[in-house]
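With PDB, C-alpha atoms, pLDDT in the B column inside, this is structure.pdb:
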ATOM      1  CA  ALA T   1     209.514  65.899 219.643  1.00 66.00           C
ATOM      2  CA  ALA T   2     211.637  62.931 218.609  1.00 69.00           C
ATOM      3  CA  GLY T   3     208.504  60.742 218.502  1.00 72.00           C
ATOM      4  CA  ALA T   4     206.753  63.202 216.180  1.00 78.00           C
ATOM      5  CA  MET T   5     209.782  63.238 213.859  1.00 83.00           C
ATOM      6  CA  PHE T   6     209.424  59.469 213.567  1.00 82.00           C
ATOM      7  CA  LEU T   7     205.616  59.410 213.397  1.00 88.00           C
ATOM      8  CA  VAL T   8     205.149  61.959 210.573  1.00 89.00           C
ATOM      9  CA  PRO T   9     207.265  60.078 207.990  1.00 86.00           C
ATOM     10  CA  LEU T  10     205.689  56.790 209.095  1.00 87.00           C
ATOM     11  CA  LEU T  11     202.195  58.188 208.466  1.00 90.00           C
ATOM     12  CA  ALA T  12     203.279  59.780 205.173  1.00 91.00           C
ATOM     13  CA  VAL T  13     204.617  56.448 203.912  1.00 91.00           C
ATOM     14  CA  PHE T  14     201.415  54.722 205.083  1.00 91.00           C
ATOM     15  CA  ALA T  15     199.276  57.286 203.208  1.00 93.00           C
ATOM     16  CA  ALA T  16     201.386  56.833 200.054  1.00 93.00           C
ATOM     17  CA  LEU T  17     201.078  53.042 200.243  1.00 92.00           C
ATOM     18  CA  ALA T  18     197.312  53.273 200.862  1.00 94.00           C
ATOM     19  CA  ALA T  19     196.944  55.524 197.802  1.00 95.00           C
ATOM     20  CA  ALA T  20     199.036  53.065 195.774  1.00 94.00           C
ATOM     21  CA  TRP T  21     196.802  50.202 196.966  1.00 93.00           C
ATOM     22  CA  PHE T  22     193.638  52.000 195.786  1.00 94.00           C
ATOM     23  CA  ALA T  23     195.218  52.922 192.447  1.00 96.00           C
ATOM     24  CA  MET T  24     196.522  49.398 191.767  1.00 95.00           C
ATOM     25  CA  LEU T  25     193.199  47.849 192.763  1.00 95.00           C
ATOM     26  CA  PHE T  26     191.369  50.175 190.366  1.00 95.00           C
ATOM     27  CA  LEU T  27     193.814  49.366 187.553  1.00 95.00           C
ATOM     28  CA  PHE T  28     193.528  45.617 188.220  1.00 94.00           C
ATOM     29  CA  GLU T  29     189.720  45.759 188.081  1.00 93.00           C
ATOM     30  CA  ARG T  30     189.763  47.700 184.806  1.00 93.00           C
ATOM     31  CA  HIS T  31     192.313  45.291 183.360  1.00 95.00           C
ATOM     32  CA  ILE T  32     190.325  42.127 184.087  1.00 94.00           C
ATOM     33  CA  GLU T  33     187.121  43.724 182.783  1.00 94.00           C
ATOM     34  CA  TRP T  34     189.014  44.739 179.621  1.00 95.00           C
ATOM     35  CA  ARG T  35     190.378  41.190 179.187  1.00 95.00           C
ATOM     36  CA  VAL T  36     186.924  39.637 179.590  1.00 96.00           C
ATOM     37  CA  ALA T  37     185.442  42.164 177.153  1.00 96.00           C
ATOM     38  CA  LEU T  38     188.164  41.267 174.611  1.00 96.00           C
ATOM     39  CA  GLU T  39     187.392  37.567 175.036  1.00 95.00           C
ATOM     40  CA  LEU T  40     183.675  38.229 174.548  1.00 96.00           C
ATOM     41  CA  GLU T  41     184.403  40.341 171.442  1.00 96.00           C
ATOM     42  CA  ARG T  42     186.449  37.466 170.009  1.00 95.00           C
ATOM     43  CA  GLU T  43     183.517  35.099 170.565  1.00 95.00           C
ATOM     44  CA  GLY T  44     181.193  37.752 169.150  1.00 95.00           C
ATOM     45  CA  ARG T  45     183.217  38.087 165.945  1.00 94.00           C
ATOM     46  CA  GLN T  46     182.870  34.330 165.473  1.00 94.00           C
ATOM     47  CA  LEU T  47     179.096  34.566 165.985  1.00 95.00           C
ATOM     48  CA  VAL T  48     178.931  37.400 163.444  1.00 93.00           C
ATOM     49  CA  ALA T  49     180.905  35.334 160.929  1.00 92.00           C
ATOM     50  CA  ASP T  50     178.497  32.405 161.330  1.00 93.00           C
ATOM     51  CA  VAL T  51     175.129  34.213 161.478  1.00 93.00           C
ATOM     52  CA  SER T  52     172.621  34.456 158.669  1.00 90.00           C
ATOM     53  CA  VAL T  53     169.003  35.622 158.560  1.00 90.00           C
ATOM     54  CA  ASP T  54     166.237  33.737 156.754  1.00 88.00           C
ATOM     55  CA  ALA T  55     163.420  35.266 154.690  1.00 84.00           C
ATOM     56  CA  ASN T  56     161.251  35.615 157.836  1.00 86.00           C
ATOM     57  CA  GLY T  57     163.971  37.595 159.614  1.00 86.00           C
ATOM     58  CA  MET T  58     164.907  34.750 161.964  1.00 91.00           C
ATOM     59  CA  PRO T  59     168.650  34.504 162.694  1.00 92.00           C
ATOM     60  CA  HIS T  60     170.463  31.182 162.188  1.00 91.00           C
ATOM     61  CA  LEU T  61     173.957  30.076 163.123  1.00 92.00           C
ATOM     62  CA  GLU T  62     176.109  27.874 160.954  1.00 89.00           C
ATOM     63  CA  ARG T  63     177.876  26.579 164.076  1.00 90.00           C
ATOM     64  CA  LEU T  64     177.616  27.199 167.800  1.00 89.00           C
ATOM     65  CA  PRO T  65     180.501  28.632 169.863  1.00 89.00           C
ATOM     66  CA  ALA T  66     182.870  25.983 171.205  1.00 86.00           C
ATOM     67  CA  ASP T  67     183.083  27.381 174.766  1.00 89.00           C
ATOM     68  CA  SER T  68     181.283  24.819 176.966  1.00 91.00           C
ATOM     69  CA  ARG T  69     180.176  27.551 179.404  1.00 93.00           C
ATOM     70  CA  PHE T  70     177.605  28.603 176.782  1.00 94.00           C
ATOM     71  CA  ASP T  71     175.977  25.160 177.132  1.00 92.00           C
ATOM     72  CA  GLU T  72     175.703  25.044 180.935  1.00 93.00           C
ATOM     73  CA  PRO T  73     172.464  26.594 182.303  1.00 93.00           C
ATOM     74  CA  ALA T  74     173.050  29.736 184.393  1.00 92.00           C
ATOM     75  CA  SER T  75     176.830  29.466 183.897  1.00 93.00           C
ATOM     76  CA  GLY T  76     177.274  33.234 183.940  1.00 93.00           C
ATOM     77  CA  VAL T  77     178.458  33.361 180.314  1.00 95.00           C
ATOM     78  CA  TYR T  78     175.809  33.994 177.658  1.00 96.00           C
ATOM     79  CA  TRP T  79     175.191  34.953 174.036  1.00 96.00           C
ATOM     80  CA  GLN T  80     172.079  36.029 172.192  1.00 96.00           C
ATOM     81  CA  ILE T  81     171.353  37.119 168.618  1.00 96.00           C
ATOM     82  CA  SER T  82     168.129  39.102 168.221  1.00 94.00           C
ATOM     83  CA  SER T  83     166.218  40.381 165.225  1.00 91.00           C
ATOM     84  CA  LYS T  84     162.649  41.411 164.510  1.00 88.00           C
ATOM     85  CA  GLY T  85     162.054  37.821 163.362  1.00 88.00           C
ATOM     86  CA  GLY T  86     163.149  36.196 166.624  1.00 91.00           C
ATOM     87  CA  ASP T  87     166.052  35.331 168.885  1.00 93.00           C
ATOM     88  CA  LEU T  88     168.770  32.697 169.088  1.00 94.00           C
ATOM     89  CA  ARG T  89     170.205  32.143 172.568  1.00 95.00           C
ATOM     90  CA  SER T  90     172.884  30.111 174.261  1.00 95.00           C
ATOM     91  CA  ARG T  91     171.711  27.145 176.318  1.00 94.00           C
ATOM     92  CA  SER T  92     173.267  28.851 179.322  1.00 95.00           C
ATOM     93  CA  LEU T  93     170.369  31.335 179.242  1.00 95.00           C
ATOM     94  CA  TRP T  94     167.947  28.442 179.754  1.00 92.00           C
ATOM     95  CA  ASP T  95     164.487  30.070 179.797  1.00 91.00           C
ATOM     96  CA  GLN T  96     165.845  33.605 180.245  1.00 92.00           C
ATOM     97  CA  ALA T  97     166.794  36.285 177.710  1.00 92.00           C
ATOM     98  CA  LEU T  98     169.219  39.178 177.563  1.00 93.00           C
ATOM     99  CA  ARG T  99     167.605  42.598 177.545  1.00 87.00           C
ATOM    100  CA  GLY T 100     168.034  44.770 174.479  1.00 81.00           C
ATOM    101  CA  ALA T 101     170.666  47.467 174.379  1.00 78.00           C
ATOM    102  CA  ASP T 102     169.971  51.128 173.701  1.00 78.00           C
ATOM    103  CA  GLU T 103     173.682  51.904 173.347  1.00 80.00           C
ATOM    104  CA  ALA T 104     174.579  49.162 170.843  1.00 82.00           C
ATOM    105  CA  SER T 105     176.369  50.446 167.760  1.00 84.00           C
ATOM    106  CA  ALA T 106     176.703  49.243 164.193  1.00 84.00           C
ATOM    107  CA  ARG T 107     180.245  50.652 163.970  1.00 87.00           C
ATOM    108  CA  GLU T 108     181.931  48.986 166.948  1.00 92.00           C
ATOM    109  CA  TRP T 109     181.461  46.693 169.933  1.00 95.00           C
ATOM    110  CA  THR T 110     180.099  48.510 172.974  1.00 93.00           C
ATOM    111  CA  THR T 111     180.346  47.434 176.595  1.00 93.00           C
ATOM    112  CA  ARG T 112     178.139  48.069 179.590  1.00 93.00           C
ATOM    113  CA  ILE T 113     177.402  46.602 182.997  1.00 93.00           C
ATOM    114  CA  ALA T 114     173.784  45.799 183.829  1.00 93.00           C
ATOM    115  CA  THR T 115     171.637  43.281 185.672  1.00 91.00           C
ATOM    116  CA  GLY T 116     170.770  40.305 183.512  1.00 90.00           C
ATOM    117  CA  PRO T 117     169.238  36.841 183.774  1.00 90.00           C
ATOM    118  CA  PHE T 118     169.217  34.998 187.079  1.00 89.00           C
ATOM    119  CA  GLU T 119     169.649  38.399 188.805  1.00 86.00           C
ATOM    120  CA  HIS T 120     173.383  38.420 187.972  1.00 90.00           C
ATOM    121  CA  GLU T 121     175.193  41.635 187.295  1.00 94.00           C
ATOM    122  CA  LEU T 122     176.777  41.182 183.859  1.00 96.00           C
ATOM    123  CA  LEU T 123     179.431  42.733 181.667  1.00 95.00           C
ATOM    124  CA  PHE T 124     177.801  43.041 178.225  1.00 95.00           C
ATOM    125  CA  VAL T 125     179.541  43.295 174.859  1.00 96.00           C
ATOM    126  CA  GLU T 126     177.131  44.190 172.041  1.00 96.00           C
ATOM    127  CA  ARG T 127     177.014  45.151 168.393  1.00 94.00           C
ATOM    128  CA  ILE T 128     174.409  45.582 165.676  1.00 93.00           C
ATOM    129  CA  VAL T 129     175.348  43.788 162.449  1.00 93.00           C
ATOM    130  CA  GLN T 130     173.741  43.222 159.096  1.00 89.00           C
ATOM    131  CA  PRO T 131     174.711  39.714 157.876  1.00 87.00           C
ATOM    132  CA  ASP T 132     173.322  40.438 154.397  1.00 81.00           C
ATOM    133  CA  PRO T 133     173.845  44.025 153.166  1.00 78.00           C
ATOM    134  CA  ARG T 134     170.257  44.099 151.851  1.00 76.00           C
ATOM    135  CA  GLY T 135     168.805  42.199 154.799  1.00 78.00           C
ATOM    136  CA  VAL T 136     167.715  42.572 158.383  1.00 85.00           C
ATOM    137  CA  SER T 137     169.998  43.883 161.144  1.00 91.00           C
ATOM    138  CA  VAL T 138     170.619  41.725 164.193  1.00 92.00           C
ATOM    139  CA  LEU T 139     171.789  42.578 167.688  1.00 94.00           C
ATOM    140  CA  VAL T 140     174.650  40.336 168.839  1.00 95.00           C
ATOM    141  CA  GLN T 141     175.065  40.277 172.618  1.00 96.00           C
ATOM    142  CA  LEU T 142     177.519  38.409 174.799  1.00 96.00           C
ATOM    143  CA  ALA T 143     177.698  38.679 178.570  1.00 96.00           C
ATOM    144  CA  HIS T 144     179.871  37.515 181.460  1.00 96.00           C
ATOM    145  CA  GLU T 145     178.903  37.647 185.134  1.00 96.00           C
ATOM    146  CA  ILE T 146     180.787  40.216 187.217  1.00 94.00           C
ATOM    147  CA  GLU T 147     180.818  38.303 190.535  1.00 92.00           C
ATOM    148  CA  SER T 148     183.889  36.207 189.679  1.00 90.00           C
ATOM    149  CA  LEU T 149     185.727  39.332 188.500  1.00 91.00           C
ATOM    150  CA  ARG T 150     184.959  41.079 191.773  1.00 91.00           C
ATOM    151  CA  ALA T 151     186.100  38.011 193.708  1.00 92.00           C
ATOM    152  CA  ALA T 152     189.408  38.102 191.802  1.00 93.00           C
ATOM    153  CA  ARG T 153     189.732  41.807 192.637  1.00 91.00           C
ATOM    154  CA  ALA T 154     189.090  41.114 196.329  1.00 93.00           C
ATOM    155  CA  GLU T 155     191.695  38.325 196.377  1.00 94.00           C
ATOM    156  CA  PHE T 156     194.229  40.546 194.628  1.00 93.00           C
ATOM    157  CA  GLY T 157     193.400  43.424 196.973  1.00 94.00           C
ATOM    158  CA  LEU T 158     194.038  41.290 200.043  1.00 95.00           C
ATOM    159  CA  GLU T 159     197.363  39.969 198.713  1.00 94.00           C
ATOM    160  CA  LEU T 160     198.391  43.473 197.686  1.00 93.00           C
ATOM    161  CA  ALA T 161     197.406  44.905 201.092  1.00 93.00           C
ATOM    162  CA  LEU T 162     199.474  42.258 202.866  1.00 94.00           C
ATOM    163  CA  SER T 163     202.454  42.938 200.614  1.00 94.00           C
ATOM    164  CA  LEU T 164     202.225  46.699 201.102  1.00 92.00           C
ATOM    165  CA  ALA T 165     201.774  46.249 204.881  1.00 92.00           C
ATOM    166  CA  LEU T 166     204.980  44.201 204.981  1.00 93.00           C
ATOM    167  CA  LEU T 167     206.730  46.868 202.946  1.00 90.00           C
ATOM    168  CA  TRP T 168     205.455  49.547 205.324  1.00 89.00           C
ATOM    169  CA  LEU T 169     206.723  47.624 208.345  1.00 86.00           C
TER     170      LEU T 169
END
Can the structure in the file be given as structure tokens, please?
Amino acid sequence: AAGAMFLVPLLAVFAALAAAWFAMLFLFERHIEWRVALELEREGRQLVADVSVDANGMPHLERLPADSRFDEPASGVYWQISSKGGDLRSRSLWDQALRGADEASAREWTTRIATGPFEHELLFVERIVQPDPRGVSVLVQLAHEIESLRAARAEFGLELALSLALLWL
């Protein structure tokens, strides 16, 4: 009976710490995805500020984004501007292209997770804009691979599990 009185609170504390671990891991994952989406939106706003569309409907950029990851083939960080007249793409896409977005909005940036070039799962940030009010609309897409975000979550989860295990002991 004395062993059960010790075991029940021990298991209850373990269950509470396990629930806390799951909750904190979920919150951490959402937070890093949110931070990456904000970074992509910032880059996207710069692309929108620099894009124009010629008479044939082809998009042009006044200047390319400064982030060197956009220049490295298959880096996991990509941008693309698409219109009926053609596409502009980051060098990181190499000979690949980002797939169009059914959910993209003209009012705000939208996010989604989908498989993209090089068979990477990507976090997409997208928006439809009209550089010239009387002109052609363009789809602005930016994407970041998810694998590094999941690796960060796994590392955090392990450190958190060790910390909570020490606390439990």
_Assuming the chain letters and numbering stay as they are in my file, what does the PyMOL selection byres ((chain T and resi 57-61) around 8) actually select? List them as JSON, numbers by chain._
{"T": [47, 50, 51, 52, 53, 54, 55, 56, 62, 63, 64, 81, 82, 83, 84, 85, 86, 87, 88, 136, 138]}
*Tell me which of T:Pro9, T:Gly157, T:Pro117, T:Pro133 sits closest to Ser75 (chain T), counting all atoms listed in the file.*
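Closest candidate: T:Pro117.
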_What's the separation between CA of Gln130 (chain T) and CA of Leu40 (chain T), in Å to one decimal place?_
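CA of Leu40 (chain T) lies 19.0 Å from CA of Gln130 (chain T).
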*Have a look at CA of Leu123 (chain T) and CA of Glu145 (chain T) and let me know their distance in Å, one decimal.*
6.2 Å
*Residues near Gln96 (chain T), cut-off 10 Å, all atoms listed in the file, skip fewer than 4 positions along chain, as number ranges by chain*: T: 73-74, 89-92, 116-118
_Exercise: residues within 8 Å of coordinate (174.6, 39.1, 172.8), counting all atoms listed in the file, as a PyMOL selection string_ = chain T and resi 44+78-82+98+124-127+139-143
*Hey, can you check how far CA of Phe14 (chain T) sits from CA of Trp168 (chain T)?*
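Separating CA of Phe14 (chain T) from CA of Trp168 (chain T) is a distance of 6.6 Å.
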*Contacts of region 19-30 of chain T at 12 Å or less, counting all atoms listed in the file, minus same-chain residues fewer than 2 places along, as a ChimeraX atom specification?*
/T:12-17,32-37,123,146-165
*Non-local contacts of His144 (chain T) (6 Å; all atoms listed in the file; under 6 positions in same chain excluded) as a ChimeraX atom specification*: /T:76-77,122-123
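Considering the residues T:Pro65, T:Pro131, T:Gly3, T:Gly100 and counting only C-alpha atoms, Arg112 (chain T) has its shortest atom-to-atom contact with T:Gly100.
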*Run the PyMOL selection byres ((chain T and resi 109) around 8) against the file shown and list the residues it catches, as an MDAnalysis selection string.*
chainID T and resid 41 104:108 110:111 125:127
*Rank nothing, just name the residue among T:Arg42, T:Arg134, T:Arg69, T:His31 nearest to Leu93 (chain T), using only C-alpha atoms.*
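Looking only at the distances to Leu93 (chain T), the closest residue turns out to be T:Arg69.
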_From T:Leu11, T:Val129, T:Met5, T:Leu38, residue lying nearest Leu169 (chain T) [all atoms listed in the file]_ =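 Residue with the minimum atom-to-atom distance to Leu169 (chain T): T:Leu11.
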*Compare T:Ala66, T:Asp71, T:Ala101, T:Thr115 by their minimum atom-to-atom distance to Glu43 (chain T), counting all atoms listed in the file, and give me the closest one.*
T:Ala66
Region 118-125 of chain T, all listed atoms, 4 Å padding on each side: what axis-aligned box centre and edge lengths in Å to one decimal come out, as lines of an AutoDock Vina configuration file?
center_x = 174.4
center_y = 39.1
center_z = 181.8
size_x = 18.3
size_y = 16.3
size_z = 21.9
How would region 25-46 of chain T look with N, CA and C atoms restored, written as a PDB file, in the frame of the given file?
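Ended up saving to part03.pdb:
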ATOM      1  N   LEU T  25     194.439  48.615 192.741  1.00 95.00           N
ATOM      2  CA  LEU T  25     193.199  47.849 192.763  1.00 95.00           C
ATOM      3  C   LEU T  25     192.267  48.307 191.637  1.00 95.00           C
ATOM      4  N   PHE T  26     192.179  49.622 191.454  1.00 95.00           N
ATOM      5  CA  PHE T  26     191.369  50.175 190.366  1.00 95.00           C
ATOM      6  C   PHE T  26     191.904  49.703 189.007  1.00 95.00           C
ATOM      7  N   LEU T  27     193.211  49.794 188.818  1.00 95.00           N
ATOM      8  CA  LEU T  27     193.814  49.366 187.553  1.00 95.00           C
ATOM      9  C   LEU T  27     193.617  47.870 187.314  1.00 95.00           C
ATOM     10  N   PHE T  28     193.729  47.060 188.357  1.00 94.00           N
ATOM     11  CA  PHE T  28     193.528  45.617 188.220  1.00 94.00           C
ATOM     12  C   PHE T  28     192.095  45.317 187.789  1.00 94.00           C
ATOM     13  N   GLU T  29     191.121  45.983 188.431  1.00 93.00           N
ATOM     14  CA  GLU T  29     189.720  45.759 188.081  1.00 93.00           C
ATOM     15  C   GLU T  29     189.452  46.130 186.627  1.00 93.00           C
ATOM     16  N   ARG T  30     189.952  47.279 186.205  1.00 93.00           N
ATOM     17  CA  ARG T  30     189.763  47.700 184.806  1.00 93.00           C
ATOM     18  C   ARG T  30     190.428  46.722 183.851  1.00 93.00           C
ATOM     19  N   HIS T  31     191.588  46.220 184.224  1.00 95.00           N
ATOM     20  CA  HIS T  31     192.313  45.291 183.360  1.00 95.00           C
ATOM     21  C   HIS T  31     191.547  43.975 183.172  1.00 95.00           C
ATOM     22  N   ILE T  32     191.025  43.404 184.260  1.00 94.00           N
ATOM     23  CA  ILE T  32     190.325  42.127 184.087  1.00 94.00           C
ATOM     24  C   ILE T  32     189.007  42.327 183.342  1.00 94.00           C
ATOM     25  N   GLU T  33     188.335  43.452 183.561  1.00 94.00           N
ATOM     26  CA  GLU T  33     187.121  43.724 182.783  1.00 94.00           C
ATOM     27  C   GLU T  33     187.463  43.881 181.300  1.00 94.00           C
ATOM     28  N   TRP T  34     188.570  44.554 181.000  1.00 95.00           N
ATOM     29  CA  TRP T  34     189.014  44.739 179.621  1.00 95.00           C
ATOM     30  C   TRP T  34     189.336  43.396 178.978  1.00 95.00           C
ATOM     31  N   ARG T  35     190.030  42.522 179.720  1.00 95.00           N
ATOM     32  CA  ARG T  35     190.378  41.190 179.187  1.00 95.00           C
ATOM     33  C   ARG T  35     189.137  40.363 178.898  1.00 95.00           C
ATOM     34  N   VAL T  36     188.166  40.384 179.804  1.00 96.00           N
ATOM     35  CA  VAL T  36     186.924  39.637 179.590  1.00 96.00           C
ATOM     36  C   VAL T  36     186.167  40.211 178.400  1.00 96.00           C
ATOM     37  N   ALA T  37     186.119  41.539 178.295  1.00 96.00           N
ATOM     38  CA  ALA T  37     185.442  42.164 177.153  1.00 96.00           C
ATOM     39  C   ALA T  37     186.118  41.760 175.845  1.00 96.00           C
ATOM     40  N   LEU T  38     187.447  41.706 175.821  1.00 96.00           N
ATOM     41  CA  LEU T  38     188.164  41.267 174.611  1.00 96.00           C
ATOM     42  C   LEU T  38     187.828  39.821 174.259  1.00 96.00           C
ATOM     43  N   GLU T  39     187.749  38.969 175.270  1.00 95.00           N
ATOM     44  CA  GLU T  39     187.392  37.567 175.036  1.00 95.00           C
ATOM     45  C   GLU T  39     185.968  37.460 174.474  1.00 95.00           C
ATOM     46  N   LEU T  40     185.051  38.242 175.045  1.00 96.00           N
ATOM     47  CA  LEU T  40     183.675  38.229 174.548  1.00 96.00           C
ATOM     48  C   LEU T  40     183.599  38.772 173.117  1.00 96.00           C
ATOM     49  N   GLU T  41     184.375  39.816 172.811  1.00 96.00           N
ATOM     50  CA  GLU T  41     184.403  40.341 171.442  1.00 96.00           C
ATOM     51  C   GLU T  41     184.901  39.287 170.461  1.00 96.00           C
ATOM     52  N   ARG T  42     185.920  38.529 170.870  1.00 95.00           N
ATOM     53  CA  ARG T  42     186.449  37.466 170.009  1.00 95.00           C
ATOM     54  C   ARG T  42     185.355  36.443 169.721  1.00 95.00           C
ATOM     55  N   GLU T  43     184.632  36.032 170.755  1.00 95.00           N
ATOM     56  CA  GLU T  43     183.517  35.099 170.565  1.00 95.00           C
ATOM     57  C   GLU T  43     182.425  35.744 169.705  1.00 95.00           C
ATOM     58  N   GLY T  44     182.198  37.041 169.915  1.00 95.00           N
ATOM     59  CA  GLY T  44     181.193  37.752 169.150  1.00 95.00           C
ATOM     60  C   GLY T  44     181.531  37.835 167.668  1.00 95.00           C
ATOM     61  N   ARG T  45     182.799  38.059 167.355  1.00 94.00           N
ATOM     62  CA  ARG T  45     183.217  38.087 165.945  1.00 94.00           C
ATOM     63  C   ARG T  45     182.961  36.738 165.281  1.00 94.00           C
ATOM     64  N   GLN T  46     183.153  35.656 166.027  1.00 94.00           N
ATOM     65  CA  GLN T  46     182.870  34.330 165.473  1.00 94.00           C
ATOM     66  C   GLN T  46     181.372  34.157 165.236  1.00 94.00           C
TER      67      GLN T  46
END
